[in-house]
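Enquirer: To be precise about what I am sending: the file is called upload_32.txt and holds compact mmCIF, C-alpha atoms.
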```
# COMPACT_ATOMS: atom_id res chain seq x y z
CA MET W 1 34.81 -45.37 110.22
CA ARG W 2 32.21 -46.13 112.91
CA GLY W 3 32.72 -44.19 116.12
CA ARG W 4 35.53 -42.05 114.76
CA LYS W 5 35.60 -38.43 115.85
CA LEU W 6 35.64 -36.15 112.81
CA LEU W 7 36.64 -32.52 112.94
CA LEU W 8 35.95 -29.65 110.57
CA LEU W 9 39.23 -27.86 109.94
CA ARG W 10 39.83 -24.46 108.41
CA PRO W 11 43.38 -24.30 107.02
CA MET W 12 45.19 -21.17 108.15
CA LEU W 13 47.25 -19.24 105.61
CA ILE W 14 49.93 -16.64 106.05
CA ASP W 15 48.27 -13.25 105.53
CA PRO W 16 49.84 -11.72 102.38
CA VAL W 17 49.33 -8.21 103.78
CA ASP W 18 50.98 -8.93 107.14
CA PRO W 19 53.02 -12.17 106.91
CA THR W 20 53.33 -12.33 110.71
CA LYS W 21 49.60 -13.07 110.95
CA PHE W 22 47.38 -15.96 109.93
CA LYS W 23 44.05 -15.71 108.17
CA PRO W 24 41.62 -18.57 107.53
CA GLY W 25 41.70 -20.07 104.03
CA SER W 26 38.51 -20.61 102.06
CA ASN W 27 38.42 -24.39 101.96
CA THR W 28 37.19 -26.79 104.62
CA ILE W 29 38.73 -30.12 105.60
CA VAL W 30 37.05 -33.05 107.31
CA ALA W 31 39.72 -34.84 109.33
CA ILE W 32 39.89 -37.78 111.69
CA ASP W 33 41.20 -36.76 115.08
CA THR W 34 43.20 -39.26 117.10
CA LEU W 35 44.83 -36.69 119.39
CA GLY W 36 41.85 -35.16 121.19
CA ALA W 37 42.06 -31.70 119.66
CA GLY W 38 39.64 -29.19 121.13
CA GLU W 39 37.59 -26.56 119.38
CA GLY W 40 39.59 -23.45 118.50
CA GLU W 41 42.98 -25.19 118.76
CA LEU W 42 45.57 -24.94 116.02
CA VAL W 43 46.47 -28.37 114.70
CA MET W 44 48.61 -29.88 111.99
CA PHE W 45 46.87 -32.18 109.54
CA SER W 46 47.97 -34.42 106.70
CA GLN W 47 46.04 -35.46 103.63
CA GLY W 48 45.73 -38.43 101.31
CA SER W 49 48.20 -41.28 101.55
CA SER W 50 50.18 -39.25 104.09
CA ALA W 51 47.22 -39.08 106.46
CA ARG W 52 46.95 -42.86 106.39
CA GLN W 53 50.47 -43.17 107.81
CA ALA W 54 49.08 -41.92 111.11
CA GLU W 55 48.72 -44.55 113.79
CA GLY W 56 45.72 -46.83 113.30
CA LEU W 57 44.56 -45.31 110.02
CA LYS W 58 46.38 -47.54 107.51
CA GLN W 59 43.28 -49.20 106.09
CA LEU W 60 40.74 -46.41 106.47
CA PRO W 61 39.30 -44.50 103.50
CA VAL W 62 40.36 -41.28 105.16
CA ASP W 63 41.33 -38.10 103.34
CA ALA W 64 42.75 -36.16 106.24
CA ALA W 65 43.94 -36.73 109.79
CA VAL W 66 45.04 -34.49 112.62
CA VAL W 67 48.68 -35.48 113.18
CA GLY W 68 49.82 -32.83 115.64
CA LEU W 69 48.72 -30.22 118.15
CA ILE W 70 50.57 -26.95 117.67
CA ASP W 71 52.18 -25.29 120.68
CA THR W 72 53.75 -22.23 119.15
CA VAL W 73 54.24 -20.70 115.71
CA SER W 74 56.97 -18.21 114.89
CA ILE W 75 56.94 -16.18 111.68
CA GLU W 76 59.93 -14.00 110.84
CA GLY W 77 61.22 -14.41 114.37
CA LYS W 78 57.95 -13.25 115.95
CA LYS W 79 55.78 -15.66 117.96
CA THR W 80 52.41 -15.48 116.22
CA TYR W 81 50.54 -18.28 117.97
CA GLU W 82 50.71 -19.85 121.38
CA ALA W 83 48.36 -22.59 122.56
CA LYS W 84 46.29 -21.62 125.61
CA ASN W 85 47.34 -24.67 127.59
CA SER W 86 51.04 -24.56 126.66
CA MET D 1 56.71 -36.46 114.59
CA ARG D 2 58.22 -35.56 117.96
CA GLY D 3 61.22 -33.25 117.75
CA ARG D 4 60.86 -32.63 114.04
CA LYS D 5 61.58 -29.15 112.81
CA LEU D 6 58.60 -27.83 110.84
CA LEU D 7 58.79 -24.87 108.50
CA LEU D 8 56.10 -22.61 107.12
CA LEU D 9 56.66 -22.32 103.37
CA ARG D 10 55.19 -19.82 100.96
CA PRO D 11 55.31 -21.28 97.43
CA MET D 12 56.77 -18.84 94.94
CA LEU D 13 55.08 -18.44 91.56
CA ILE D 14 56.30 -16.93 88.34
CA ASP D 15 54.88 -13.41 88.16
CA PRO D 16 52.47 -13.33 85.16
CA VAL D 17 53.24 -9.64 84.58
CA ASP D 18 57.04 -10.08 84.56
CA PRO D 19 57.91 -13.79 84.11
CA THR D 20 61.52 -13.14 85.14
CA LYS D 21 60.35 -12.42 88.70
CA PHE D 22 58.80 -14.48 91.47
CA LYS D 23 55.87 -13.49 93.61
CA PRO D 24 54.58 -15.35 96.68
CA GLY D 25 51.54 -17.59 96.11
CA SER D 26 48.53 -17.40 98.39
CA ASN D 27 48.73 -20.83 100.02
CA THR D 28 50.90 -21.90 102.93
CA ILE D 29 52.69 -25.22 103.35
CA VAL D 30 53.86 -26.86 106.56
CA ALA D 31 56.91 -28.93 105.70
CA ILE D 32 59.39 -31.08 107.56
CA ASP D 33 62.92 -29.83 107.12
CA THR D 34 65.77 -32.30 107.14
CA LEU D 35 68.29 -30.01 105.41
CA GLY D 36 68.62 -27.15 107.87
CA ALA D 37 67.01 -24.45 105.75
CA GLY D 38 67.19 -20.97 107.20
CA GLU D 39 64.54 -18.27 107.26
CA GLY D 40 64.27 -16.40 103.97
CA GLU D 41 65.98 -19.11 101.93
CA LEU D 42 64.47 -20.48 98.74
CA VAL D 43 63.92 -24.22 99.01
CA MET D 44 62.40 -26.99 96.94
CA PHE D 45 59.67 -29.03 98.60
CA SER D 46 57.69 -32.12 97.69
CA GLN D 47 54.21 -33.12 98.76
CA GLY D 48 52.24 -36.25 99.53
CA SER D 49 53.69 -39.64 98.71
CA SER D 50 56.60 -37.90 96.98
CA ALA D 51 57.60 -36.14 100.20
CA ARG D 52 57.76 -39.46 102.00
CA GLN D 53 60.46 -40.65 99.61
CA ALA D 54 62.83 -38.22 101.32
CA GLU D 55 65.38 -39.83 103.62
CA GLY D 56 63.96 -40.95 106.95
CA LEU D 57 60.36 -39.95 106.23
CA LYS D 58 58.97 -43.22 104.81
CA GLN D 59 56.60 -43.94 107.69
CA LEU D 60 55.70 -40.44 108.80
CA PRO D 61 52.25 -38.89 108.27
CA VAL D 62 53.91 -35.96 106.55
CA ASP D 63 52.35 -33.89 103.79
CA ALA D 64 55.38 -31.95 102.70
CA ALA D 65 59.15 -32.05 103.07
CA VAL D 66 61.98 -29.74 102.12
CA VAL D 67 64.01 -31.78 99.63
CA GLY D 68 66.47 -29.21 98.35
CA LEU D 69 68.11 -25.86 98.99
CA ILE D 70 68.10 -23.69 95.88
CA ASP D 71 71.36 -22.05 94.79
CA THR D 72 70.30 -20.21 91.67
CA VAL D 73 67.20 -19.83 89.52
CA SER D 74 67.30 -18.76 85.89
CA ILE D 75 64.17 -17.68 84.02
CA GLU D 76 64.38 -16.98 80.31
CA GLY D 77 68.15 -16.98 80.52
CA LYS D 78 68.23 -14.38 83.31
CA LYS D 79 69.44 -15.28 86.81
CA THR D 80 66.50 -14.33 89.04
CA TYR D 81 67.61 -15.78 92.36
CA GLU D 82 70.94 -16.44 93.97
CA ALA D 83 71.35 -17.79 97.50
CA LYS D 84 73.25 -15.46 99.81
CA ASN D 85 75.74 -18.12 100.84
CA SER D 86 76.31 -19.57 97.37
CA MET R 1 68.54 -35.19 93.65
CA ARG R 2 72.14 -34.09 93.10
CA GLY R 3 72.92 -33.10 89.52
CA ARG R 4 69.33 -33.33 88.36
CA LYS R 5 68.15 -30.74 85.90
CA LEU R 6 65.07 -28.96 87.23
CA LEU R 7 62.73 -26.93 85.07
CA LEU R 8 60.21 -24.27 85.95
CA LEU R 9 56.97 -25.11 84.15
CA ARG R 10 53.96 -22.90 83.58
CA PRO R 11 50.90 -25.10 82.96
CA MET R 12 48.98 -24.03 79.88
CA LEU R 13 45.19 -23.87 80.07
CA ILE R 14 42.59 -23.72 77.35
CA ASP R 15 41.55 -20.08 77.03
CA PRO R 16 37.86 -19.88 78.07
CA VAL R 17 37.30 -16.97 75.67
CA ASP R 18 38.80 -18.72 72.64
CA PRO R 19 39.08 -22.47 73.30
CA THR R 20 41.38 -22.92 70.30
CA LYS R 21 44.10 -21.02 72.15
CA PHE R 22 46.22 -21.65 75.23
CA LYS R 23 46.93 -19.19 77.98
CA PRO R 24 49.40 -19.68 80.84
CA GLY R 25 47.89 -20.75 84.17
CA SER R 26 48.78 -18.95 87.39
CA ASN R 27 50.67 -21.72 89.18
CA THR R 28 54.28 -22.75 88.74
CA ILE R 29 55.65 -26.30 88.75
CA VAL R 30 59.21 -27.43 89.48
CA ALA R 31 59.80 -30.60 87.48
CA ILE R 32 62.66 -32.97 86.88
CA ASP R 33 63.54 -33.20 83.21
CA THR R 34 64.90 -36.45 81.82
CA LEU R 35 64.09 -35.69 78.19
CA GLY R 36 66.22 -32.63 77.49
CA ALA R 37 63.39 -30.14 77.04
CA GLY R 38 64.50 -26.70 75.90
CA GLU R 39 63.27 -23.30 77.01
CA GLY R 40 59.97 -22.31 75.39
CA GLU R 41 59.01 -25.86 74.44
CA LEU R 42 55.63 -27.34 75.28
CA VAL R 43 56.00 -30.45 77.40
CA MET R 44 53.76 -32.91 79.19
CA PHE R 45 54.38 -33.39 82.89
CA SER R 46 53.05 -35.70 85.57
CA GLN R 47 52.77 -35.08 89.29
CA GLY R 48 52.96 -37.04 92.53
CA SER R 49 53.09 -40.81 92.44
CA SER R 50 52.51 -40.69 88.67
CA ALA R 51 55.69 -38.67 88.14
CA ARG R 52 57.69 -41.30 89.99
CA GLN R 53 56.67 -43.91 87.42
CA ALA R 54 58.95 -42.15 84.94
CA GLU R 55 62.20 -43.96 84.19
CA GLY R 56 64.79 -43.65 86.93
CA LEU R 57 62.62 -41.65 89.34
CA LYS R 58 61.09 -44.46 91.44
CA GLN R 59 62.86 -43.57 94.69
CA LEU R 60 63.20 -39.81 94.34
CA PRO R 61 61.21 -37.35 96.45
CA VAL R 62 60.03 -35.69 93.26
CA ASP R 63 56.70 -33.91 92.83
CA ALA R 64 56.72 -33.50 89.08
CA ALA R 65 58.55 -34.85 86.04
CA VAL R 66 58.57 -34.00 82.36
CA VAL R 67 57.28 -37.17 80.71
CA GLY R 68 56.84 -36.04 77.11
CA LEU R 69 57.77 -33.43 74.53
CA ILE R 70 54.73 -32.22 72.61
CA ASP R 71 54.87 -32.16 68.81
CA THR R 72 51.44 -30.86 67.93
CA VAL R 73 48.23 -29.94 69.71
CA SER R 74 44.84 -29.88 68.00
CA ILE R 75 41.81 -28.25 69.59
CA GLU R 76 38.42 -28.59 67.92
CA GLY R 77 40.11 -29.88 64.78
CA LYS R 78 42.45 -26.89 64.54
CA LYS R 79 46.21 -27.30 65.02
CA THR R 80 47.00 -24.86 67.82
CA TYR R 81 50.62 -25.74 68.58
CA GLU R 82 53.46 -27.14 66.55
CA ALA R 83 56.97 -27.66 67.91
CA LYS R 84 59.61 -25.67 66.06
CA ASN R 85 61.79 -28.69 65.41
CA SER R 86 58.95 -31.05 64.42
CA MET Y 1 53.93 -43.30 76.33
CA ARG Y 2 54.73 -43.72 72.64
CA GLY Y 3 51.68 -43.96 70.41
CA ARG Y 4 49.22 -43.18 73.19
CA LYS Y 5 46.28 -41.01 72.31
CA LEU Y 6 46.11 -38.00 74.61
CA LEU Y 7 43.03 -35.86 75.03
CA LEU Y 8 42.61 -32.34 76.34
CA LEU Y 9 39.76 -32.38 78.84
CA ARG Y 10 37.86 -29.46 80.29
CA PRO Y 11 36.28 -30.50 83.60
CA MET Y 12 32.61 -29.59 83.78
CA LEU Y 13 31.28 -28.07 86.97
CA ILE Y 14 27.76 -27.67 88.24
CA ASP Y 15 26.71 -24.10 87.50
CA PRO Y 16 26.19 -22.35 90.88
CA VAL Y 17 23.51 -20.10 89.37
CA ASP Y 18 21.48 -22.95 87.83
CA PRO Y 19 22.55 -26.28 89.39
CA THR Y 20 20.76 -28.23 86.66
CA LYS Y 21 23.34 -27.02 84.14
CA PHE Y 22 27.04 -27.60 83.62
CA LYS Y 23 29.62 -24.96 82.87
CA PRO Y 24 33.25 -25.59 81.90
CA GLY Y 25 35.80 -25.21 84.71
CA SER Y 26 38.93 -23.12 84.26
CA ASN Y 27 41.56 -25.86 84.41
CA THR Y 28 42.67 -28.20 81.64
CA ILE Y 29 43.55 -31.87 81.96
CA VAL Y 30 45.72 -33.98 79.66
CA ALA Y 31 44.41 -37.55 79.84
CA ILE Y 32 45.20 -40.85 78.21
CA ASP Y 33 42.21 -42.25 76.38
CA THR Y 34 41.79 -45.99 76.16
CA LEU Y 35 38.06 -45.92 75.34
CA GLY Y 36 37.99 -44.09 72.02
CA ALA Y 37 36.23 -40.95 73.22
CA GLY Y 38 35.31 -38.51 70.47
CA GLU Y 39 35.56 -34.73 70.45
CA GLY Y 40 32.69 -33.05 72.28
CA GLU Y 41 31.75 -36.15 74.29
CA LEU Y 42 31.31 -36.07 78.05
CA VAL Y 43 33.68 -38.50 79.75
CA MET Y 44 34.66 -39.50 83.26
CA PHE Y 45 38.33 -39.23 84.12
CA SER Y 46 40.47 -40.20 87.08
CA GLN Y 47 43.70 -38.65 88.27
CA GLY Y 48 46.92 -39.71 89.97
CA SER Y 49 47.25 -43.17 91.42
CA SER Y 50 43.57 -43.77 90.64
CA ALA Y 51 44.13 -43.20 86.93
CA ARG Y 52 46.85 -45.84 86.93
CA GLN Y 53 44.33 -48.46 88.07
CA ALA Y 54 42.80 -48.29 84.58
CA GLU Y 55 43.56 -51.27 82.36
CA GLY Y 56 47.06 -51.24 80.92
CA LEU Y 57 48.22 -48.08 82.68
CA LYS Y 58 49.79 -49.54 85.86
CA GLN Y 59 53.39 -48.59 85.04
CA LEU Y 60 52.85 -45.41 83.05
CA PRO Y 61 53.76 -41.95 84.37
CA VAL Y 62 50.24 -40.81 83.65
CA ASP Y 63 48.38 -38.14 85.59
CA ALA Y 64 44.91 -38.68 84.18
CA ALA Y 65 42.98 -41.29 82.22
CA VAL Y 66 39.55 -41.42 80.65
CA VAL Y 67 37.81 -44.22 82.55
CA GLY Y 68 34.24 -43.91 81.29
CA LEU Y 69 32.03 -42.52 78.57
CA ILE Y 70 28.96 -40.80 80.01
CA ASP Y 71 25.54 -41.72 78.63
CA THR Y 72 23.27 -39.55 80.71
CA VAL Y 73 23.54 -37.14 83.62
CA SER Y 74 20.63 -36.30 85.91
CA ILE Y 75 20.75 -33.37 88.31
CA GLU Y 76 17.92 -32.88 90.80
CA GLY Y 77 15.82 -35.42 88.90
CA LYS Y 78 16.25 -33.61 85.57
CA LYS Y 79 18.22 -35.19 82.72
CA THR Y 80 20.86 -32.58 81.91
CA TYR Y 81 23.05 -34.49 79.46
CA GLU Y 82 22.45 -37.26 76.99
CA ALA Y 83 25.13 -38.64 74.67
CA LYS Y 84 24.30 -38.24 70.98
CA ASN Y 85 24.86 -41.90 70.18
CA SER Y 86 23.04 -43.27 73.23
CA MET P 1 33.07 -49.64 86.57
CA ARG P 2 30.04 -51.21 84.87
CA GLY P 3 26.83 -50.87 86.85
CA ARG P 4 28.33 -48.62 89.50
CA LYS P 5 26.16 -45.81 90.81
CA LEU P 6 27.92 -42.48 90.40
CA LEU P 7 26.91 -39.33 92.25
CA LEU P 8 27.61 -35.70 91.55
CA LEU P 9 28.80 -34.10 94.78
CA ARG P 10 29.12 -30.44 95.64
CA PRO P 11 31.61 -30.02 98.49
CA MET P 12 30.26 -27.83 101.26
CA LEU P 13 32.53 -25.20 102.78
CA ILE P 14 32.28 -23.27 105.99
CA ASP P 15 30.87 -19.85 105.12
CA PRO P 16 33.60 -17.28 105.92
CA VAL P 17 30.96 -14.64 106.74
CA ASP P 18 29.03 -16.86 109.17
CA PRO P 19 31.16 -19.87 110.17
CA THR P 20 28.15 -21.63 111.65
CA LYS P 21 26.74 -22.10 108.14
CA PHE P 22 27.75 -24.07 105.09
CA LYS P 23 27.83 -22.81 101.54
CA PRO P 24 28.42 -24.91 98.42
CA GLY P 25 31.96 -24.80 96.99
CA SER P 26 32.58 -24.15 93.32
CA ASN P 27 33.99 -27.53 92.30
CA THR P 28 32.10 -30.70 91.45
CA ILE P 29 33.07 -34.25 92.37
CA VAL P 30 32.02 -37.48 90.67
CA ALA P 31 31.99 -40.18 93.35
CA ILE P 32 31.12 -43.85 93.55
CA ASP P 33 28.40 -44.48 96.08
CA THR P 34 28.36 -47.77 97.97
CA LEU P 35 26.16 -46.57 100.82
CA GLY P 36 22.91 -45.69 99.04
CA ALA P 37 23.04 -41.94 99.58
CA GLY P 38 19.94 -40.07 98.45
CA GLU P 39 19.66 -36.77 96.65
CA GLY P 40 20.08 -33.78 98.94
CA GLU P 41 21.82 -35.75 101.70
CA LEU P 42 25.08 -34.61 103.26
CA VAL P 43 27.78 -37.23 102.81
CA MET P 44 31.47 -37.62 103.54
CA PHE P 45 33.68 -38.49 100.61
CA SER P 46 37.32 -39.41 100.15
CA GLN P 47 39.53 -38.88 97.13
CA GLY P 48 42.45 -40.56 95.39
CA SER P 49 44.22 -43.45 97.04
CA SER P 50 42.12 -42.88 100.16
CA ALA P 51 38.89 -43.48 98.25
CA ARG P 52 40.19 -46.82 97.07
CA GLN P 53 40.49 -48.01 100.67
CA ALA P 54 36.69 -48.15 100.77
CA GLU P 55 35.22 -51.64 100.67
CA GLY P 56 35.27 -53.22 97.22
CA LEU P 57 37.06 -50.34 95.48
CA LYS P 58 40.71 -51.46 95.80
CA GLN P 59 41.29 -52.08 92.09
CA LEU P 60 38.96 -49.51 90.56
CA PRO P 61 40.23 -46.40 88.74
CA VAL P 62 38.08 -44.30 91.02
CA ASP P 63 38.87 -40.73 92.10
CA ALA P 64 36.27 -40.33 94.79
CA ALA P 65 33.95 -42.45 96.91
CA VAL P 66 31.18 -41.73 99.36
CA VAL P 67 32.49 -43.17 102.63
CA GLY P 68 29.92 -41.92 105.12
CA LEU P 69 26.43 -40.54 105.55
CA ILE P 70 26.38 -37.54 107.88
CA ASP P 71 23.87 -37.48 110.72
CA THR P 72 24.69 -34.20 112.39
CA VAL P 73 27.25 -31.42 112.09
CA SER P 74 28.13 -29.05 114.92
CA ILE P 75 30.09 -25.87 114.35
CA GLU P 76 31.21 -23.81 117.32
CA GLY P 77 28.89 -25.78 119.55
CA LYS P 78 25.85 -25.12 117.36
CA LYS P 79 24.15 -27.95 115.46
CA THR P 80 24.22 -26.76 111.84
CA TYR P 81 23.00 -29.87 110.03
CA GLU P 82 20.75 -32.74 110.91
CA ALA P 83 19.80 -35.51 108.49
CA LYS P 84 16.06 -35.76 107.82
CA ASN P 85 15.87 -39.44 108.65
CA SER P 86 18.08 -39.29 111.76
```
Mind turning this structure into structure tokens?
Expert:
Amino acid sequence: MRGRKLLLLRPMLIDPVDPTKFKPGSNTIVAIDTLGAGEGELVMFSQGSSARQAEGLKQLPVDAAVVGLIDTVSIEGKKTYEAKNS
Amino acid sequence: MRGRKLLLLRPMLIDPVDPTKFKPGSNTIVAIDTLGAGEGELVMFSQGSSARQAEGLKQLPVDAAVVGLIDTVSIEGKKTYEAKNS
Amino acid sequence: MRGRKLLLLRPMLIDPVDPTKFKPGSNTIVAIDTLGAGEGELVMFSQGSSARQAEGLKQLPVDAAVVGLIDTVSIEGKKTYEAKNS
Amino acid sequence: MRGRKLLLLRPMLIDPVDPTKFKPGSNTIVAIDTLGAGEGELVMFSQGSSARQAEGLKQLPVDAAVVGLIDTVSIEGKKTYEAKNS
Amino acid sequence: MRGRKLLLLRPMLIDPVDPTKFKPGSNTIVAIDTLGAGEGELVMFSQGSSARQAEGLKQLPVDAAVVGLIDTVSIEGKKTYEAKNS
């Protein structure tokens, strides 16, 4: 695990009041980042044995890994997220 | 993961007040779709190592996959969901 | 998955107020049934990689499987559930 | 699974108000017992693929297994649990 | 499992009111410690099949393992935790 960059992630949930918006969930994930995600970016992460399928993580005791950087999210046909650098 | 279609899923729970109805749960799932599910459809998804059993997903760092399109749901002998195109 | 019988399960929890009783939990499980469970019966289910250990499910992208039909449950020495046909 | 002794477990959580005490959690676990745990004892259990590492459980569709009987628990240097027969 | 040191862990979550702070979560984790963590230290743990990737734990029925000792945590550019002995 030495030298690995770890990120604190806050899973985003669909807001039950307005399903076209996200709101942060209450749990916190520590994930290995192999994609160079920046602070404030929306990422996709995987957990458990799925996370270890990510490149170079097969043998690591890792619970979560960032496996994608999100460009855009559309909910009910409405674009609800767009990455700043996209 | 490149070029994969990802869906935002809202798990449906049995309504404790009226068990013949569904209500949306509070968590949100990002799932790979290999079946061409449309917006508003009810699907079955699997998570973790189970999701990776789906065709073509063995080596992907994927947490969830759509593994079925639901035609009808019956709760306590009452049909509570029927797909529009079924 | 074609032709598989799927059941909606409501996990039962020990009632914190009266631990000799069950109350339904708030989440809902979709499980494959290979044992012919009937509506209203109390069953045991397994999830994830454990569920796939059940007979004939090794390669299926299945999240949950019914792995037992419950005859009787005893809590604190008191029989709290008995199957109708037992 | 035939003839296996199953136990209902109530996970114990650290009480947020007084961290030197336990309080029962709200969920309920059905676990295979291979250690002869008695009613009212504090045990350690494992879930999922970890549970199947326990002796004799490799091929069983089991979600949880009792993997240890607890003798004593110390929280913040204070002994908070001691088994009756220890 | 004989002779293994087990720790009670309280997962720390990002405080929704002030995201630069941690607050303890409500669940409790029993983890194997192979790194000599002391009481009150912030550690990183892994669960399930990920935990068993940690050195010497491959065959153990272990649900959680301490896989790292945390030196510093930064949230939104602000250092929010620093180990006493770092």
Enquirer: Applying 9 Å and all atoms listed in the file, which residues near Gly68 of chain W remain after dropping the ones on its own chain fewer than 2 positions away? List them as a ChimeraX atom specification.
Expert: /W:35,37,42-45,66,70 /D:1
Enquirer: Using only C-alpha atoms, find each residue of chain R with at least one atom at most 10 Å away from an atom of chain D; report its shortest atom-to-atom pair and that distance in Å (one decimal), sort the rows by chain and rising residue number, and return the result as a tab-separated table.
Expert:
```
residue	atom	partner	partner_atom	distance
R:Met1	CA	D:Gly68	CA	7.9
R:Arg2	CA	D:Gly68	CA	9.1
R:Leu6	CA	D:Val73	CA	9.7
R:Leu7	CA	D:Ser74	CA	9.4
R:Leu8	CA	D:Ile75	CA	7.9
R:Leu9	CA	D:Ile14	CA	9.2
R:Arg10	CA	D:Ile14	CA	8.0
R:Pro24	CA	D:Pro16	CA	8.3
R:Gly25	CA	D:Pro16	CA	8.8
R:Ser26	CA	D:Pro16	CA	7.1
R:Asn27	CA	D:Leu13	CA	6.0
R:Thr28	CA	D:Leu13	CA	5.2
R:Ile29	CA	D:Leu13	CA	8.4
R:Val30	CA	D:Met44	CA	8.1
R:Glu39	CA	D:Glu76	CA	7.2
R:Gly40	CA	D:Glu76	CA	8.5
R:Gln47	CA	D:Ser50	CA	9.0
R:Gly48	CA	D:Ser50	CA	5.8
R:Ser49	CA	D:Ser49	CA	6.4
R:Ser50	CA	D:Ser50	CA	9.7
R:Ala51	CA	D:Ser50	CA	8.9
R:Arg52	CA	D:Ser50	CA	7.8
R:Lys58	CA	D:Gln53	CA	9.0
R:Gln59	CA	D:Gln53	CA	6.2
R:Leu60	CA	D:Gln53	CA	6.0
R:Pro61	CA	D:Gln53	CA	4.6
R:Val62	CA	D:Ser50	CA	5.5
R:Asp63	CA	D:Ser46	CA	5.3
R:Ala64	CA	D:Ser46	CA	8.8
```
Enquirer: Distance atom CA of Lys23 of chain Y-atom CA of Val17 of chain R, one decimal place?
Expert: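 Straight-line distance from atom CA of Lys23 of chain Y to atom CA of Val17 of chain R works out to 13.2 Å.
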Enquirer: Please compute the atom CA of Lys78 of chain W-atom CA of Glu41 of chain D distance, one decimal, in Å.
Expert: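 Atom-to-atom, atom CA of Lys78 of chain W to atom CA of Glu41 of chain D, that is 17.2 Å.
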Enquirer: What's the separation between atom CA of Ile32 of chain P and atom CA of Leu57 of chain P, in Å to one decimal place?
Expert: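 For atom CA of Ile32 of chain P relative to atom CA of Leu57 of chain P, the distance reads 9.0 Å.
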Enquirer: For Lys5 of chain W, work out the shell of residues within 10 Å, counting all atoms listed in the file and skipping chain neighbours fewer than 5 positions away, then give it as a PyMOL selection string.
Expert: chain W and resi 31-34+36
